[in-house]
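A quick write-up on the structure given underneath.
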2 protein chains.
Amino acid sequence: MQKQNGLIFAADLKERRKTLNLTRKISDYIDAVKVNYPLVLSTGAEIISDLSDITDVIADFKLADVPHINSRISKIAFNKGASAVICHAFTGEESLKSCTKTASEFDGEVYSVVNMSHPGSEDVMDSSLPKLCEISKKADIDGVIAPGNQPDKIEMIKNKIDTKILSPGIGAQGGKGKKAISAGADYIIVGRSIYDSTDPVKSAKKIRDNIKMYYSNE
Amino acid sequence: MQKQNGLIFAADLKERRKTLNLTRKISDYIDAVKVNYPLVLSTGAEIISDLSDITDVIADFKLADVPHINSRISKIAFNKGASAVICHAFTGEESLKSCTKTASEFDGEVYSVVNMSHPGSEDVMDSSLPKLCEISKKADIDGVIAPGNQPDKIEMIKNKIDTKILSPGIGAQGGKGKKAISAGADYIIVGRSIYDSTDPVKSAKKIRDNIKMYYSNE
């Protein structure tokens, strides 16, 4: 994924045509589209291939299985045209390594989840953060996912692992793009503020312009 | 899932026809078939509906996302005919509750992952075991997944949470069905020892007979 805009579109939708049309329209303002299971299960895994004709696709499968199953799922995603997969670090170094190993066969990337932003993520994940960063480092990942609505967490992660940081939770979940970037995020991931907007193209451009200006001032 | 055999078939395959034929042939000896993402992504989510005409289907999606996404994925699985979903406990109580809440709308079940059996699961998951059991209890799950090849873990979990225990890792991964049952497992989950067998029907029957005899002696 080449950084031009710093913006990733979270296509948390269920309809094939709407997803493809919307992604196409905003493609100038994003560096990648992130797809998750609700979309892929509703429309079929081919949506990855269709989207990959438009922009880079990040398969947000939050992989959390044993190594050989993680590897098989990654392989399917990369074969369909994904540029990257998102994998949990929680299931351990071997499970994460099975993804980075598979990714290397496709010249693909792996982003690991070291923290999350929803209520309940503090139950276990917060106290595991240092260990999850350590596992990610050992598994040689290409970047991590860190909550955009918690800049202190981004800073903490930035101090523990020198890698790209992708931050969801911007907009609808209360995160502010500039604060996330200021704390160390390299890309912000935005969904609802674009697809629920009355003018998604305008919204995408505005978000991109705002953060791009900010990146330039870094 | 009604317990008659105590055996769940892990259909870790990629071909639709083979999966359906094999499940049909061994259906007298199993209580459910467990499907995972490699199969569902390769064949399409309709495989869940097709299998549900034969036996109960457990969607082993190891859900590990934010609550509203976990809920959406569960809904798709139940709508397709799944009887149960498998969800991680480590993403916290709210994420797990989003699954049990969705399941209740479908009269479905949720099994939570409180421990795993692969190399690397000791990195973080082992030390989180008590907390993962606590979260599972609070989320009112229908059962837990516990490693069949580690009877001590099954006993430990049995002491922490009074619920059904489903144990994978039997056979190819070294677990012994009887030991798992003796430690407290209610169902064993078997994949490779059935589908890689030269006579899968005979193998399924033999495994079922062995454990059934043992259950009867409980």
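Each chain in the structure tokens gets a letter, A, B and so on, in the order shown; residues start at 1 in every chain, and ligands are counted from 1 in the order they appear.
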
(message) Could you work out which residues of chain A fall inside 7 Å of chain B? Count only C-alpha atoms, and format the result as a PyMOL selection string.
(response) chain A and resi 37-38+41+44-45+62+64-66+72-73+90-95+118-121+123-125

| said: What parts of stretch 134-182 of chain A does DSSP call helix (DSSP H, G or I)? I'd like the answer as a list in words. | reply: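 Filtering stretch 134-182 of chain A down to helix (DSSP H, G or I) leaves Glu134, Ile135, Ser136, Lys137, Lys138, Pro151, Asp152, Lys153, Ile154, Glu155, Met156, Ile157, Lys158, Asn159, Lys160, Gly177, Lys178, Lys179, Ala180, Ile181 and Ser182 of chain A.
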
**Report entry** Length of the atom CA of A:Gly148 to atom CA of A:Ser193 vector [Å]
**Finding:**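 Calculated distance between atom CA of A:Gly148 and atom CA of A:Ser193 is 13.9 Å.
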
* What lies within 7 Å of B:Lys34 using only C-alpha atoms, ignoring chain neighbours under 5 positions off, as a VMD selection string? -> chain B and resid 8 to 11 57 to 60

Those residues with N, CA, C and O atoms, as a compact mmCIF listing (two decimals), in the first residue's frame please?
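again02.txt, written as the output of this step:
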# COMPACT_ATOMS: atom_id res chain seq x y z
N ILE B 8 -18.28 -34.42 17.04
CA ILE B 8 -18.51 -33.33 16.07
C ILE B 8 -17.47 -33.47 14.97
O ILE B 8 -16.28 -33.63 15.25
N PHE B 9 -17.93 -33.41 13.73
CA PHE B 9 -17.02 -33.56 12.59
C PHE B 9 -16.50 -32.18 12.16
O PHE B 9 -17.28 -31.30 11.78
N ALA B 10 -15.18 -32.02 12.19
CA ALA B 10 -14.55 -30.77 11.73
C ALA B 10 -14.30 -30.89 10.23
O ALA B 10 -13.34 -31.54 9.81
N ALA B 11 -15.16 -30.29 9.45
CA ALA B 11 -15.05 -30.38 7.98
C ALA B 11 -14.05 -29.35 7.46
O ALA B 11 -14.42 -28.40 6.77
N VAL B 57 -25.10 -27.43 12.24
CA VAL B 57 -23.86 -26.80 11.74
C VAL B 57 -23.32 -25.81 12.78
O VAL B 57 -24.06 -24.94 13.25
N ILE B 58 -22.06 -25.97 13.12
CA ILE B 58 -21.38 -25.02 13.99
C ILE B 58 -20.46 -24.17 13.13
O ILE B 58 -19.54 -24.70 12.49
N ALA B 59 -20.73 -22.87 13.07
CA ALA B 59 -19.89 -21.97 12.26
C ALA B 59 -18.68 -21.56 13.10
O ALA B 59 -18.78 -20.72 13.99
N ASP B 60 -17.56 -22.17 12.80
CA ASP B 60 -16.33 -21.92 13.56
C ASP B 60 -15.61 -20.71 12.98
O ASP B 60 -14.58 -20.84 12.34

What separates atom CA of B:Arg208 and atom CA of B:Lys25 is a distance of 13.9 Å

How would you write, as JSON, numbers by chain, the set of residues in stretch 21-206 of chain B that DSSP gives as strand (DSSP E)?
{"B": [32, 33, 34, 35, 36, 56, 57, 58, 59, 60, 61, 62, 63, 84, 85, 86, 87, 88, 109, 110, 111, 112, 113, 143, 144, 145, 164, 165, 166, 167, 187, 188, 189, 190]}

Problem - For A:Asp186, the nearest of the candidates A:Asn159, A:Ser203, A:Ser167, A:Ser52, counting only C-alpha atoms - result: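 Smallest separation from A:Asp186 among the options: A:Ser167.
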
Between atom CA of B:Asp142 and atom CA of B:Ala82 lies a distance of 14.5 Å

*For B:Val201: contacts at 12 Å, only C-alpha atoms, fewer than 4 positions along chain excluded, given as a list in words*: Phe9, Asn21, Leu22, Thr23, Arg24, Lys25, Ile26, Ser27, Asp28, Tyr29, Ile30, Ser193, Ile194, Tyr195, Asp196, Ser197, Lys205, Lys206, Ile207 and Arg208 of chain B

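You can rank A:Lys101, A:Lys178, A:Arg16, A:Lys138 by their closest distance to A:Met213 using only C-alpha atoms, and at the top of that list sits A:Lys178.
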
* Measuring atom to atom with only C-alpha atoms, identify which of B:Lys158, B:Cys99, B:Gly191, B:Pro200 is nearest to B:Leu7. =>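 Residue with the minimum atom-to-atom distance to B:Leu7: B:Gly191.
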
Notebook entry, point to check: Which polymer residues have any atom within 9 Å of an atom of B:Tyr111, counting only C-alpha atoms, with same-chain residues fewer than 5 positions away left out, as number ranges by chain?
Noted result: B: 84-88, 136, 141-145, 164-166

Taking N, CA, C and O atoms for each residue, export the selection above as a tab-separated table (two decimals), in the first residue's frame.
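Generated output (again_10.tsv):
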chain	number	residue	atom	x	y	z
B	84	ALA	N	-25.04	-22.94	15.67
B	84	ALA	CA	-24.15	-22.33	16.66
B	84	ALA	C	-23.01	-21.60	15.96
B	84	ALA	O	-22.67	-21.89	14.81
B	85	VAL	N	-22.44	-20.62	16.68
B	85	VAL	CA	-21.21	-19.96	16.21
B	85	VAL	C	-20.14	-20.09	17.30
B	85	VAL	O	-20.47	-20.22	18.47
B	86	ILE	N	-18.91	-20.05	16.86
B	86	ILE	CA	-17.79	-20.05	17.82
B	86	ILE	C	-17.19	-18.65	17.83
B	86	ILE	O	-16.89	-18.07	16.78
B	87	CYS	N	-17.05	-18.12	19.04
B	87	CYS	CA	-16.61	-16.73	19.22
B	87	CYS	C	-15.46	-16.67	20.24
B	87	CYS	O	-15.49	-17.38	21.24
B	88	HIS	N	-14.48	-15.83	19.99
B	88	HIS	CA	-13.40	-15.64	20.96
B	88	HIS	C	-13.92	-14.85	22.16
B	88	HIS	O	-14.78	-13.99	22.01
B	136	SER	N	-16.79	-15.36	29.59
B	136	SER	CA	-17.73	-16.30	28.97
B	136	SER	C	-18.95	-16.52	29.85
B	136	SER	O	-20.08	-16.56	29.37
B	141	ILE	N	-22.76	-17.80	27.68
B	141	ILE	CA	-22.53	-18.68	26.52
B	141	ILE	C	-23.11	-20.09	26.77
B	141	ILE	O	-23.49	-20.41	27.90
B	142	ASP	N	-23.19	-20.87	25.70
B	142	ASP	CA	-23.78	-22.21	25.81
B	142	ASP	C	-22.73	-23.30	26.01
B	142	ASP	O	-23.07	-24.46	26.25
B	143	GLY	N	-21.47	-22.91	25.87
B	143	GLY	CA	-20.41	-23.89	26.02
B	143	GLY	C	-19.08	-23.25	25.67
B	143	GLY	O	-19.04	-22.10	25.20
B	144	VAL	N	-18.00	-23.96	25.93
B	144	VAL	CA	-16.67	-23.42	25.61
B	144	VAL	C	-15.87	-24.42	24.77
B	144	VAL	O	-16.15	-25.62	24.76
B	145	ILE	N	-14.88	-23.89	24.09
B	145	ILE	CA	-13.95	-24.70	23.32
B	145	ILE	C	-12.69	-24.83	24.16
B	145	ILE	O	-12.13	-23.83	24.61
B	164	LYS	N	-21.04	-26.73	28.89
B	164	LYS	CA	-20.60	-27.78	27.97
B	164	LYS	C	-19.18	-27.50	27.48
B	164	LYS	O	-18.84	-26.35	27.24
B	165	ILE	N	-18.40	-28.56	27.33
B	165	ILE	CA	-17.04	-28.38	26.80
B	165	ILE	C	-16.89	-29.15	25.49
B	165	ILE	O	-17.17	-30.35	25.43
B	166	LEU	N	-16.47	-28.44	24.45
B	166	LEU	CA	-16.22	-29.04	23.14
B	166	LEU	C	-14.71	-29.04	22.93
B	166	LEU	O	-14.08	-27.98	23.03

Contacts of stretch 179-181 of chain A within 9 Å, only C-alpha atoms, excl. fewer than 5 positions in-chain, as an MDAnalysis selection string
chainID A and resid 147:151 154 167 170 186:188 211 214:215
